[in-house]
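K.L.:
So here's start.tsv, just TSV, C-alpha atoms:
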```
chain	number	residue	atom	x	y	z
J	1245	MET	CA	32.75	-23.97	-95.04
J	1246	PRO	CA	29.38	-22.23	-94.60
J	1247	THR	CA	29.10	-18.47	-94.32
J	1248	HIS	CA	28.17	-16.93	-91.00
J	1249	ARG	CA	25.23	-15.34	-92.78
J	1250	SER	CA	23.86	-18.70	-93.92
J	1251	VAL	CA	24.19	-20.18	-90.42
J	1252	ARG	CA	22.46	-17.19	-88.85
J	1253	HIS	CA	19.66	-17.61	-91.38
J	1254	ALA	CA	19.24	-21.30	-90.50
J	1255	VAL	CA	19.19	-20.55	-86.77
J	1256	LEU	CA	16.72	-17.67	-86.97
J	1257	GLU	CA	14.41	-19.41	-89.44
J	1258	TYR	CA	14.16	-22.42	-87.15
J	1259	PHE	CA	13.52	-20.13	-84.20
J	1260	LYS	CA	10.79	-18.27	-86.07
J	1261	GLU	CA	8.89	-21.52	-86.63
J	1262	HIS	CA	9.79	-23.60	-83.58
J	1263	GLY	CA	11.20	-21.31	-80.88
J	1264	ARG	CA	10.39	-22.30	-77.30
J	1265	ALA	CA	8.65	-19.09	-76.31
J	1266	HIS	CA	6.55	-21.10	-73.83
J	1267	LEU	CA	9.48	-21.61	-71.46
J	1268	PRO	CA	8.70	-19.54	-68.34
J	1269	TRP	CA	12.17	-18.01	-68.12
J	1270	ARG	CA	11.76	-16.78	-71.71
J	1271	LYS	CA	8.76	-14.71	-70.59
J	1272	THR	CA	10.69	-12.58	-68.10
J	1273	THR	CA	13.64	-10.24	-67.98
J	1274	LYS	CA	13.75	-10.17	-64.18
J	1275	ALA	CA	17.32	-10.96	-63.23
J	1276	TYR	CA	16.43	-13.04	-60.16
J	1277	ARG	CA	14.15	-15.32	-62.15
J	1278	ILE	CA	16.78	-15.67	-64.86
J	1279	LEU	CA	19.41	-16.53	-62.24
J	1280	VAL	CA	17.19	-19.19	-60.66
J	1281	SER	CA	16.50	-20.74	-64.07
J	1282	GLU	CA	20.16	-20.77	-65.08
J	1283	ILE	CA	21.27	-22.47	-61.86
J	1284	MET	CA	18.47	-25.03	-62.13
J	1285	LEU	CA	19.30	-25.76	-65.77
J	1286	GLN	CA	22.91	-26.69	-65.01
J	1287	GLN	CA	23.28	-30.35	-66.06
J	1288	THR	CA	19.48	-30.76	-65.93
J	1289	GLN	CA	16.95	-31.11	-68.74
J	1290	VAL	CA	14.39	-28.40	-69.42
J	1291	ASP	CA	11.34	-30.61	-68.83
J	1292	ARG	CA	12.56	-31.56	-65.37
J	1293	VAL	CA	13.33	-27.98	-64.42
J	1294	MET	CA	9.99	-26.38	-65.34
J	1295	PRO	CA	7.83	-27.54	-62.38
J	1296	PHE	CA	10.63	-26.93	-59.88
J	1297	TYR	CA	11.24	-23.45	-61.28
J	1298	LYS	CA	7.61	-22.40	-60.90
J	1299	ASN	CA	7.22	-23.85	-57.41
J	1300	PHE	CA	10.55	-22.44	-56.21
J	1301	LEU	CA	9.62	-18.91	-57.27
J	1302	LYS	CA	6.22	-19.17	-55.60
J	1303	GLN	CA	7.94	-20.09	-52.36
J	1304	PHE	CA	10.93	-17.75	-52.71
J	1305	PRO	CA	9.84	-14.89	-55.01
J	1306	THR	CA	12.73	-12.54	-54.23
J	1307	PRO	CA	16.33	-12.73	-53.03
J	1308	ALA	CA	15.23	-11.25	-49.71
J	1309	VAL	CA	12.65	-13.97	-49.10
J	1310	LEU	CA	15.12	-16.67	-50.12
J	1311	SER	CA	17.87	-15.26	-47.90
J	1312	GLN	CA	15.59	-15.34	-44.83
J	1313	ALA	CA	14.38	-18.91	-45.40
J	1314	PRO	CA	15.99	-21.80	-43.48
J	1315	LEU	CA	18.31	-23.83	-45.69
J	1316	SER	CA	16.22	-26.89	-44.86
J	1317	ASP	CA	13.20	-25.29	-46.57
J	1318	VAL	CA	15.29	-24.41	-49.63
J	1319	LEU	CA	16.66	-27.96	-49.89
J	1320	LYS	CA	13.16	-29.39	-49.51
J	1321	ALA	CA	11.89	-27.21	-52.38
J	1322	TRP	CA	14.86	-28.41	-54.47
J	1323	SER	CA	14.45	-32.09	-53.55
J	1324	GLY	CA	14.17	-34.28	-56.64
J	1325	LEU	CA	15.95	-31.86	-58.96
J	1326	GLY	CA	19.41	-33.16	-58.07
J	1327	TYR	CA	22.80	-31.55	-57.49
J	1328	ASN	CA	21.57	-30.11	-54.18
J	1329	ARG	CA	24.67	-27.99	-53.72
J	1330	ARG	CA	23.14	-25.66	-56.29
J	1331	ALA	CA	20.32	-24.90	-53.85
J	1332	LYS	CA	22.80	-24.08	-51.10
J	1333	PHE	CA	24.80	-21.84	-53.43
J	1334	LEU	CA	21.64	-20.03	-54.52
J	1335	HIS	CA	20.66	-19.55	-50.88
J	1336	GLU	CA	24.12	-18.11	-50.12
J	1337	ALA	CA	23.96	-15.93	-53.23
J	1338	ALA	CA	20.65	-14.47	-52.03
J	1339	LYS	CA	22.24	-13.57	-48.71
J	1340	ALA	CA	25.12	-11.90	-50.54
J	1341	MET	CA	22.68	-9.93	-52.70
J	1342	VAL	CA	20.89	-8.66	-49.61
J	1343	MET	CA	24.16	-7.70	-47.91
J	1344	ARG	CA	25.96	-6.18	-50.90
J	1345	HIS	CA	23.37	-5.21	-53.49
J	1346	LYS	CA	20.24	-4.10	-51.60
J	1347	GLY	CA	18.48	-7.38	-52.31
J	1348	LYS	CA	18.92	-7.20	-56.08
J	1349	VAL	CA	20.83	-9.33	-58.58
J	1350	PRO	CA	23.81	-7.23	-59.71
J	1351	GLN	CA	24.17	-6.42	-63.38
J	1352	GLY	CA	27.95	-6.23	-63.70
J	1353	TYR	CA	29.89	-9.33	-64.71
J	1354	ASP	CA	32.43	-9.10	-61.88
J	1355	GLU	CA	29.71	-8.60	-59.27
J	1356	LEU	CA	27.78	-11.58	-60.61
J	1357	ARG	CA	30.88	-13.78	-60.61
J	1358	ALA	CA	31.47	-12.88	-56.98
J	1359	LEU	CA	28.16	-14.47	-55.96
J	1360	PRO	CA	28.42	-18.03	-54.55
J	1361	GLY	CA	27.83	-20.67	-57.21
J	1362	VAL	CA	27.85	-18.24	-60.14
J	1363	GLY	CA	30.42	-19.21	-62.76
J	1364	GLU	CA	31.43	-17.54	-66.01
J	1365	TYR	CA	28.60	-18.97	-68.08
J	1366	THR	CA	25.87	-18.22	-65.52
J	1367	ALA	CA	27.05	-14.63	-65.06
J	1368	LYS	CA	27.04	-14.03	-68.81
J	1369	ALA	CA	23.67	-15.74	-69.24
J	1370	VAL	CA	22.09	-13.43	-66.65
J	1371	ARG	CA	23.55	-10.43	-68.46
J	1372	VAL	CA	22.22	-11.63	-71.82
J	1373	PHE	CA	18.74	-12.76	-70.85
J	1374	ALA	CA	18.00	-10.18	-68.15
J	1375	HIS	CA	19.77	-7.12	-69.57
J	1376	ASN	CA	20.38	-7.94	-73.26
J	1377	GLU	CA	24.09	-7.31	-72.83
J	1378	PRO	CA	26.31	-8.43	-75.76
J	1379	GLU	CA	28.02	-11.39	-74.11
J	1380	VAL	CA	28.84	-14.56	-76.05
J	1381	LEU	CA	27.44	-17.72	-74.50
J	1382	ILE	CA	28.99	-21.15	-75.00
J	1383	GLU	CA	27.17	-24.24	-73.75
J	1384	THR	CA	26.27	-27.68	-75.10
J	1385	ASN	CA	23.55	-26.52	-77.51
J	1386	VAL	CA	25.71	-23.71	-78.88
J	1387	ARG	CA	28.60	-26.14	-79.35
J	1388	THR	CA	26.26	-28.53	-81.17
J	1389	VAL	CA	25.24	-25.84	-83.69
J	1390	ILE	CA	28.79	-24.74	-84.42
J	1391	ILE	CA	30.17	-28.27	-84.73
J	1392	HIS	CA	27.26	-29.29	-86.98
J	1393	HIS	CA	27.87	-26.44	-89.42
J	1394	TYR	CA	31.64	-25.92	-89.22
J	1395	PHE	CA	33.40	-29.01	-87.84
J	1396	GLN	CA	31.48	-32.12	-88.88
J	1397	LYS	CA	34.59	-33.87	-90.20
J	1398	GLN	CA	36.76	-33.14	-87.16
J	1399	ALA	CA	37.01	-35.59	-84.29
J	1400	HIS	CA	38.02	-32.98	-81.70
J	1401	VAL	CA	37.26	-29.27	-81.62
J	1402	SER	CA	39.02	-26.83	-79.31
J	1403	GLU	CA	37.14	-24.36	-77.16
J	1404	PRO	CA	38.98	-21.34	-78.64
J	1405	ALA	CA	37.87	-22.41	-82.13
J	1406	LEU	CA	34.25	-22.68	-80.95
J	1407	LEU	CA	34.42	-19.34	-79.16
J	1408	ASP	CA	35.87	-17.60	-82.21
J	1409	ILE	CA	32.98	-18.70	-84.40
J	1410	ALA	CA	30.39	-18.04	-81.70
J	1411	THR	CA	31.72	-14.50	-81.37
J	1412	HIS	CA	31.48	-13.86	-85.11
J	1413	LEU	CA	27.97	-15.33	-85.29
J	1414	ALA	CA	26.74	-13.16	-82.40
J	1415	ALA	CA	28.16	-9.94	-83.87
J	1416	GLY	CA	25.39	-7.50	-84.71
J	1417	GLN	CA	22.63	-9.73	-83.34
J	1418	ASP	CA	20.16	-8.92	-80.57
J	1419	PRO	CA	21.86	-10.84	-77.72
J	1420	ARG	CA	18.70	-12.16	-76.03
J	1421	THR	CA	16.97	-13.24	-79.24
J	1422	TRP	CA	20.11	-14.68	-80.81
J	1423	HIS	CA	21.14	-16.86	-77.91
J	1424	GLY	CA	17.62	-18.12	-77.32
J	1425	ALA	CA	17.41	-19.03	-81.00
J	1426	LEU	CA	20.83	-20.67	-80.96
J	1427	MET	CA	19.95	-22.85	-77.98
J	1428	ASP	CA	16.60	-23.91	-79.44
J	1429	TYR	CA	18.20	-24.79	-82.77
J	1430	GLY	CA	20.95	-26.69	-80.95
J	1431	THR	CA	18.32	-28.69	-79.05
J	1432	HIS	CA	16.73	-29.57	-82.39
J	1433	LEU	CA	20.06	-30.66	-83.88
J	1434	LYS	CA	20.81	-32.85	-80.84
J	1435	ALA	CA	17.44	-34.56	-81.27
J	1436	THR	CA	17.95	-35.17	-84.99
J	1437	HIS	CA	21.72	-35.65	-85.32
J	1438	GLY	CA	22.87	-36.70	-81.85
J	1439	ASN	CA	24.97	-34.81	-79.35
J	1440	LEU	CA	27.70	-33.39	-81.55
J	1441	SER	CA	29.09	-31.44	-78.61
J	1442	ARG	CA	30.89	-34.69	-77.68
J	1443	LYS	CA	33.54	-33.56	-80.16
J	1444	SER	CA	34.28	-30.57	-77.97
J	1445	ALA	CA	37.54	-30.73	-76.03
J	1446	LEU	CA	35.62	-29.83	-72.87
J	1447	TYR	CA	32.99	-32.56	-73.20
J	1448	THR	CA	32.75	-35.04	-70.33
J	1449	ASN	CA	30.38	-37.98	-70.07
J	1450	GLN	CA	27.90	-37.60	-67.25
J	1451	LYS	CA	28.06	-40.63	-64.98
J	1452	PRO	CA	24.88	-42.71	-64.61
J	1453	PHE	CA	22.67	-41.62	-61.73
J	1454	LYS	CA	21.67	-45.14	-60.69
J	1455	GLY	CA	24.02	-46.41	-57.99
J	1456	SER	CA	25.97	-43.15	-57.91
J	1457	LEU	CA	26.95	-41.11	-54.88
J	1458	ARG	CA	24.44	-38.52	-56.12
J	1459	GLU	CA	21.63	-41.05	-55.78
J	1460	VAL	CA	22.63	-41.89	-52.20
J	1461	ARG	CA	22.96	-38.20	-51.28
J	1462	GLY	CA	19.52	-37.46	-52.68
J	1463	ALA	CA	17.99	-40.41	-50.85
J	1464	ILE	CA	19.51	-39.28	-47.53
J	1465	LEU	CA	18.19	-35.75	-47.97
J	1466	LYS	CA	14.69	-37.01	-48.80
J	1467	VAL	CA	14.59	-38.96	-45.55
J	1468	LEU	CA	15.84	-35.97	-43.54
J	1469	HIS	CA	13.28	-33.66	-45.13
J	1470	ARG	CA	10.69	-35.72	-43.23
J	1471	GLY	CA	12.50	-35.14	-39.94
J	1472	ALA	CA	15.73	-35.64	-38.01
J	1473	ALA	CA	17.20	-39.13	-37.79
J	1474	THR	CA	20.08	-41.03	-36.24
J	1475	GLN	CA	22.72	-42.57	-38.47
J	1476	SER	CA	21.38	-46.09	-37.98
J	1477	SER	CA	17.73	-45.16	-38.59
J	1478	LEU	CA	18.76	-43.10	-41.60
J	1479	LYS	CA	20.62	-46.01	-43.14
J	1480	LYS	CA	17.73	-48.40	-42.49
J	1481	ALA	CA	15.38	-46.02	-44.33
J	1482	LEU	CA	17.43	-46.33	-47.53
J	1483	PRO	CA	17.18	-49.19	-50.05
J	1484	HIS	CA	19.75	-51.89	-49.31
J	1485	ASP	CA	21.54	-51.36	-52.64
J	1486	LEU	CA	22.52	-47.84	-51.51
J	1487	HIS	CA	24.16	-48.93	-48.26
J	1488	ASP	CA	27.66	-49.43	-49.72
J	1489	ARG	CA	28.06	-45.71	-50.40
J	1490	PHE	CA	26.05	-44.48	-47.42
J	1491	ASP	CA	28.99	-43.49	-45.18
J	1492	ALA	CA	30.77	-41.59	-47.97
J	1493	ALA	CA	27.58	-39.74	-48.95
J	1494	LEU	CA	26.77	-38.84	-45.34
J	1495	LEU	CA	30.26	-37.44	-44.75
J	1496	GLN	CA	30.17	-35.48	-48.00
J	1497	LEU	CA	26.80	-33.91	-47.15
J	1498	GLN	CA	28.14	-32.83	-43.76
J	1499	LYS	CA	31.30	-31.31	-45.25
J	1500	GLU	CA	29.24	-29.31	-47.73
J	1501	GLY	CA	26.95	-28.00	-45.01
J	1502	LEU	CA	23.84	-29.58	-46.48
J	1503	ILE	CA	23.15	-31.52	-43.28
J	1504	THR	CA	24.21	-31.06	-39.65
J	1505	LYS	CA	24.80	-33.44	-36.78
J	1506	ASP	CA	23.86	-32.66	-33.20
J	1507	LYS	CA	24.14	-35.21	-30.37
J	1508	GLY	CA	24.04	-38.14	-32.75
J	1509	THR	CA	21.08	-36.83	-34.77
J	1510	PHE	CA	21.24	-35.63	-38.36
J	1511	ARG	CA	19.00	-32.96	-39.87
J	1512	THR	CA	18.88	-30.62	-42.86
```
Go ahead and render the structure in this file as structure tokens.
P.N.:
Amino acid sequence: MPTHRSVRHAVLEYFKEHGRAHLPWRKTTKAYRILVSEIMLQQTQVDRVMPFYKNFLKQFPTPAVLSQAPLSDVLKAWSGLGYNRRAKFLHEAAKAMVMRHKGKVPQGYDELRALPGVGEYTAKAVRVFAHNEPEVLIETNVRTVIIHHYFQKQAHVSEPALLDIATHLAAGQDPRTWHGALMDYGTHLKATHGNLSRKSALYTNQKPFKGSLREVRGAILKVLHRGAATQSSLKKALPHDLHDRFDAALLQLQKEGLITKDKGTFRT
């Protein structure tokens, strides 16, 4: 079993040489920008997020601007990033910030958790990266580091066991620097040793995008970003191999409030 000191040394030495200081959200401590990045990074790779992040902030630089924008504009700016519900949640969160927090991202954990679409990890990440608060973050890269150093021979690792070690490793460290270093080192380990976080009890395989309901939903939204359409014209605009799941995707988008129907015409 390695010592916590030796693991910290490995993490920080890697970060010193190879840390991803170029990432735009690493260059700011503004809570709104951190929140946008964290929501975009959910289940999405860094390289895909970067151009969307920059363009989104140019279009919606503050919670107030975002809250006043039509949802259709927000969804259009998000189009291509996937998981479009995140855009709707962020839009609703901006409205809540304007109503409850004078247009600012709250700093307290409970207030952050009360925002639409903000879960435990996102709330803690905002507190760490915007305010340097001593939270302990657990996500796939952190799990990879801990499993690599402490649980290589185990087939399954419980979340409490991971959290216990993560808490000890973070003790006495600068929260912002430590978690950035941990995530960068975890990314390196995934590239060189594979995704060890699969051993985590919470790990779930992400379903393929091709042919999924997500693909159909995204295709429908792309068509509607160009203008309103009837159900028949909308379906005709999609590739034939997406037609089987068209009705289910259309109904789901309506239920989630991502599209509306008025007199037989759909629009975002």
K.L.:
Tell me, in Å to one decimal, how far CA of Lys1480 (chain J) is from CA of Ile1503 (chain J).
P.N.:
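Straight-line distance from CA of Lys1480 (chain J) to CA of Ile1503 (chain J) works out to 17.7 Å.
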K.L.:
Tell me, as an MDAnalysis selection string, which residues lie within 12 Å of region 1348-1359 of chain J, counting only C-alpha atoms; anything in the same chain fewer than 4 positions away does not count.
P.N.:
chainID J and resid 1273:1280 1305:1311 1333:1344 1363:1379
K.L.:
Closest to Val1389 (chain J) among J:Arg1270, J:Arg1252, J:His1469, J:His1345, using only C-alpha atoms?
P.N.:
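Of J:Arg1270, J:Arg1252, J:His1469, J:His1345, the one nearest Val1389 (chain J) is J:Arg1252, counting only C-alpha atoms.
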K.L.:
May I have the residues at most 10 Å from (21.7, -26.4, -64.4) in the file's coordinates, counting only C-alpha atoms, as an mmCIF file with C-alpha atoms, in the coordinates of the input?
P.N.:
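What landed in out-v3.cif:
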```cif
data_model
loop_
_atom_site.group_PDB
_atom_site.id
_atom_site.type_symbol
_atom_site.label_atom_id
_atom_site.label_comp_id
_atom_site.auth_asym_id
_atom_site.auth_seq_id
_atom_site.Cartn_x
_atom_site.Cartn_y
_atom_site.Cartn_z
ATOM 1 C CA VAL J 1280 17.190 -19.190 -60.660
ATOM 2 C CA SER J 1281 16.500 -20.740 -64.070
ATOM 3 C CA GLU J 1282 20.160 -20.770 -65.080
ATOM 4 C CA ILE J 1283 21.270 -22.470 -61.860
ATOM 5 C CA MET J 1284 18.470 -25.030 -62.130
ATOM 6 C CA LEU J 1285 19.300 -25.760 -65.770
ATOM 7 C CA GLN J 1286 22.910 -26.690 -65.010
ATOM 8 C CA GLN J 1287 23.280 -30.350 -66.060
ATOM 9 C CA THR J 1288 19.480 -30.760 -65.930
ATOM 10 C CA GLN J 1289 16.950 -31.110 -68.740
ATOM 11 C CA VAL J 1290 14.390 -28.400 -69.420
ATOM 12 C CA VAL J 1293 13.330 -27.980 -64.420
ATOM 13 C CA LEU J 1325 15.950 -31.860 -58.960
ATOM 14 C CA GLY J 1326 19.410 -33.160 -58.070
ATOM 15 C CA TYR J 1327 22.800 -31.550 -57.490
ATOM 16 C CA ARG J 1330 23.140 -25.660 -56.290
ATOM 17 C CA THR J 1366 25.870 -18.220 -65.520
#
```
K.L.:
Find the residues around Gly1471 (chain J) up to 9 Å (all atoms listed in the file counted), leave out those fewer than 3 positions away in its own chain, and share them as an mmCIF file with C-alpha atoms, in the coordinates of the input.
P.N.:
```
data_model
loop_
_atom_site.group_PDB
_atom_site.id
_atom_site.type_symbol
_atom_site.label_atom_id
_atom_site.label_comp_id
_atom_site.auth_asym_id
_atom_site.auth_seq_id
_atom_site.Cartn_x
_atom_site.Cartn_y
_atom_site.Cartn_z
ATOM 1 C CA VAL J 1467 14.590 -38.960 -45.550
ATOM 2 C CA LEU J 1468 15.840 -35.970 -43.540
ATOM 3 C CA PHE J 1510 21.240 -35.630 -38.360
ATOM 4 C CA ARG J 1511 19.000 -32.960 -39.870
ATOM 5 C CA THR J 1512 18.880 -30.620 -42.860
#
```
K.L.:
Please compute the CA of Lys1271 (chain J)-CA of Asp1418 (chain J) distance, one decimal, in Å.
P.N.:
16.2 Å
K.L.:
Put the listed atoms of region 1345-1353 of chain J in a box along x, y and z with 5 Å added on every side and give me the centre and edge lengths in Å to one decimal, as AutoDock Vina command-line options.
P.N.:
```
--center_x 24.2 --center_y -6.7 --center_z -58.2 --size_x 21.4 --size_y 15.2 --size_z 23.1
```
K.L.:
Could you rebuild region 1475-1500 of chain J with N, CA, C and O atoms and give me the result as a PDB file, in the coordinates of the input?
P.N.:
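Output below, filename part04.pdb:
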```pdb
ATOM      1  N   GLN J1475      22.019 -41.956 -37.351  1.00  0.00           N
ATOM      2  CA  GLN J1475      22.720 -42.570 -38.470  1.00  0.00           C
ATOM      3  C   GLN J1475      22.162 -43.960 -38.781  1.00  0.00           C
ATOM      4  O   GLN J1475      21.959 -44.310 -39.944  1.00  0.00           O
ATOM      5  N   SER J1476      21.880 -44.730 -37.752  1.00  0.00           N
ATOM      6  CA  SER J1476      21.380 -46.090 -37.980  1.00  0.00           C
ATOM      7  C   SER J1476      19.970 -46.080 -38.573  1.00  0.00           C
ATOM      8  O   SER J1476      19.682 -46.831 -39.518  1.00  0.00           O
ATOM      9  N   SER J1477      19.097 -45.209 -38.061  1.00  0.00           N
ATOM     10  CA  SER J1477      17.730 -45.160 -38.590  1.00  0.00           C
ATOM     11  C   SER J1477      17.724 -44.592 -40.010  1.00  0.00           C
ATOM     12  O   SER J1477      16.908 -44.987 -40.852  1.00  0.00           O
ATOM     13  N   LEU J1478      18.641 -43.690 -40.262  1.00  0.00           N
ATOM     14  CA  LEU J1478      18.760 -43.100 -41.600  1.00  0.00           C
ATOM     15  C   LEU J1478      19.171 -44.161 -42.612  1.00  0.00           C
ATOM     16  O   LEU J1478      18.596 -44.263 -43.704  1.00  0.00           O
ATOM     17  N   LYS J1479      20.147 -44.965 -42.232  1.00  0.00           N
ATOM     18  CA  LYS J1479      20.620 -46.010 -43.140  1.00  0.00           C
ATOM     19  C   LYS J1479      19.542 -47.057 -43.387  1.00  0.00           C
ATOM     20  O   LYS J1479      19.350 -47.527 -44.518  1.00  0.00           O
ATOM     21  N   LYS J1480      18.802 -47.415 -42.346  1.00  0.00           N
ATOM     22  CA  LYS J1480      17.730 -48.400 -42.490  1.00  0.00           C
ATOM     23  C   LYS J1480      16.623 -47.908 -43.426  1.00  0.00           C
ATOM     24  O   LYS J1480      15.930 -48.700 -44.067  1.00  0.00           O
ATOM     25  N   ALA J1481      16.449 -46.589 -43.498  1.00  0.00           N
ATOM     26  CA  ALA J1481      15.380 -46.020 -44.330  1.00  0.00           C
ATOM     27  C   ALA J1481      15.720 -46.048 -45.819  1.00  0.00           C
ATOM     28  O   ALA J1481      14.848 -45.848 -46.661  1.00  0.00           O
ATOM     29  N   LEU J1482      16.996 -46.307 -46.132  1.00  0.00           N
ATOM     30  CA  LEU J1482      17.430 -46.330 -47.530  1.00  0.00           C
ATOM     31  C   LEU J1482      17.333 -47.747 -48.093  1.00  0.00           C
ATOM     32  O   LEU J1482      17.493 -48.728 -47.375  1.00  0.00           O
ATOM     33  N   PRO J1483      17.126 -47.864 -49.405  1.00  0.00           N
ATOM     34  CA  PRO J1483      17.180 -49.190 -50.050  1.00  0.00           C
ATOM     35  C   PRO J1483      18.526 -49.847 -49.795  1.00  0.00           C
ATOM     36  O   PRO J1483      19.563 -49.168 -49.736  1.00  0.00           O
ATOM     37  N   HIS J1484      18.527 -51.156 -49.663  1.00  0.00           N
ATOM     38  CA  HIS J1484      19.750 -51.890 -49.310  1.00  0.00           C
ATOM     39  C   HIS J1484      20.863 -51.670 -50.337  1.00  0.00           C
ATOM     40  O   HIS J1484      22.047 -51.635 -49.975  1.00  0.00           O
ATOM     41  N   ASP J1485      20.500 -51.501 -51.618  1.00  0.00           N
ATOM     42  CA  ASP J1485      21.540 -51.360 -52.640  1.00  0.00           C
ATOM     43  C   ASP J1485      22.269 -50.016 -52.572  1.00  0.00           C
ATOM     44  O   ASP J1485      23.236 -49.800 -53.300  1.00  0.00           O
ATOM     45  N   LEU J1486      21.828 -49.124 -51.681  1.00  0.00           N
ATOM     46  CA  LEU J1486      22.520 -47.840 -51.510  1.00  0.00           C
ATOM     47  C   LEU J1486      23.430 -47.830 -50.284  1.00  0.00           C
ATOM     48  O   LEU J1486      24.124 -46.851 -50.044  1.00  0.00           O
ATOM     49  N   HIS J1487      23.427 -48.912 -49.530  1.00  0.00           N
ATOM     50  CA  HIS J1487      24.160 -48.930 -48.260  1.00  0.00           C
ATOM     51  C   HIS J1487      25.678 -48.854 -48.449  1.00  0.00           C
ATOM     52  O   HIS J1487      26.376 -48.299 -47.596  1.00  0.00           O
ATOM     53  N   ASP J1488      26.202 -49.398 -49.536  1.00  0.00           N
ATOM     54  CA  ASP J1488      27.660 -49.430 -49.720  1.00  0.00           C
ATOM     55  C   ASP J1488      28.269 -48.030 -49.752  1.00  0.00           C
ATOM     56  O   ASP J1488      29.409 -47.839 -49.317  1.00  0.00           O
ATOM     57  N   ARG J1489      27.521 -47.060 -50.264  1.00  0.00           N
ATOM     58  CA  ARG J1489      28.060 -45.710 -50.400  1.00  0.00           C
ATOM     59  C   ARG J1489      27.462 -44.749 -49.372  1.00  0.00           C
ATOM     60  O   ARG J1489      27.667 -43.532 -49.457  1.00  0.00           O
ATOM     61  N   PHE J1490      26.746 -45.311 -48.417  1.00  0.00           N
ATOM     62  CA  PHE J1490      26.050 -44.480 -47.420  1.00  0.00           C
ATOM     63  C   PHE J1490      27.013 -43.620 -46.609  1.00  0.00           C
ATOM     64  O   PHE J1490      26.822 -42.411 -46.470  1.00  0.00           O
ATOM     65  N   ASP J1491      28.070 -44.227 -46.052  1.00  0.00           N
ATOM     66  CA  ASP J1491      28.990 -43.490 -45.180  1.00  0.00           C
ATOM     67  C   ASP J1491      29.671 -42.349 -45.937  1.00  0.00           C
ATOM     68  O   ASP J1491      29.806 -41.234 -45.410  1.00  0.00           O
ATOM     69  N   ALA J1492      30.094 -42.617 -47.172  1.00  0.00           N
ATOM     70  CA  ALA J1492      30.770 -41.590 -47.970  1.00  0.00           C
ATOM     71  C   ALA J1492      29.809 -40.436 -48.284  1.00  0.00           C
ATOM     72  O   ALA J1492      30.181 -39.259 -48.213  1.00  0.00           O
ATOM     73  N   ALA J1493      28.572 -40.775 -48.617  1.00  0.00           N
ATOM     74  CA  ALA J1493      27.580 -39.740 -48.950  1.00  0.00           C
ATOM     75  C   ALA J1493      27.251 -38.901 -47.719  1.00  0.00           C
ATOM     76  O   ALA J1493      27.139 -37.670 -47.801  1.00  0.00           O
ATOM     77  N   LEU J1494      27.097 -39.556 -46.578  1.00  0.00           N
ATOM     78  CA  LEU J1494      26.770 -38.840 -45.340  1.00  0.00           C
ATOM     79  C   LEU J1494      27.877 -37.866 -44.969  1.00  0.00           C
ATOM     80  O   LEU J1494      27.610 -36.702 -44.615  1.00  0.00           O
ATOM     81  N   LEU J1495      29.124 -38.304 -45.071  1.00  0.00           N
ATOM     82  CA  LEU J1495      30.260 -37.440 -44.750  1.00  0.00           C
ATOM     83  C   LEU J1495      30.340 -36.268 -45.718  1.00  0.00           C
ATOM     84  O   LEU J1495      30.594 -35.122 -45.304  1.00  0.00           O
ATOM     85  N   GLN J1496      30.111 -36.537 -46.988  1.00  0.00           N
ATOM     86  CA  GLN J1496      30.170 -35.480 -48.000  1.00  0.00           C
ATOM     87  C   GLN J1496      29.096 -34.417 -47.749  1.00  0.00           C
ATOM     88  O   GLN J1496      29.361 -33.213 -47.848  1.00  0.00           O
ATOM     89  N   LEU J1497      27.891 -34.848 -47.425  1.00  0.00           N
ATOM     90  CA  LEU J1497      26.800 -33.910 -47.150  1.00  0.00           C
ATOM     91  C   LEU J1497      27.111 -33.035 -45.940  1.00  0.00           C
ATOM     92  O   LEU J1497      26.789 -31.834 -45.932  1.00  0.00           O
ATOM     93  N   GLN J1498      27.760 -33.612 -44.936  1.00  0.00           N
ATOM     94  CA  GLN J1498      28.140 -32.830 -43.760  1.00  0.00           C
ATOM     95  C   GLN J1498      29.210 -31.795 -44.114  1.00  0.00           C
ATOM     96  O   GLN J1498      29.125 -30.629 -43.702  1.00  0.00           O
ATOM     97  N   LYS J1499      30.214 -32.221 -44.871  1.00  0.00           N
ATOM     98  CA  LYS J1499      31.300 -31.310 -45.250  1.00  0.00           C
ATOM     99  C   LYS J1499      30.790 -30.125 -46.057  1.00  0.00           C
ATOM    100  O   LYS J1499      31.311 -29.014 -45.954  1.00  0.00           O
ATOM    101  N   GLU J1500      29.776 -30.371 -46.881  1.00  0.00           N
ATOM    102  CA  GLU J1500      29.240 -29.310 -47.730  1.00  0.00           C
ATOM    103  C   GLU J1500      28.206 -28.443 -47.013  1.00  0.00           C
ATOM    104  O   GLU J1500      27.706 -27.469 -47.574  1.00  0.00           O
TER     105      GLU J1500
END
```
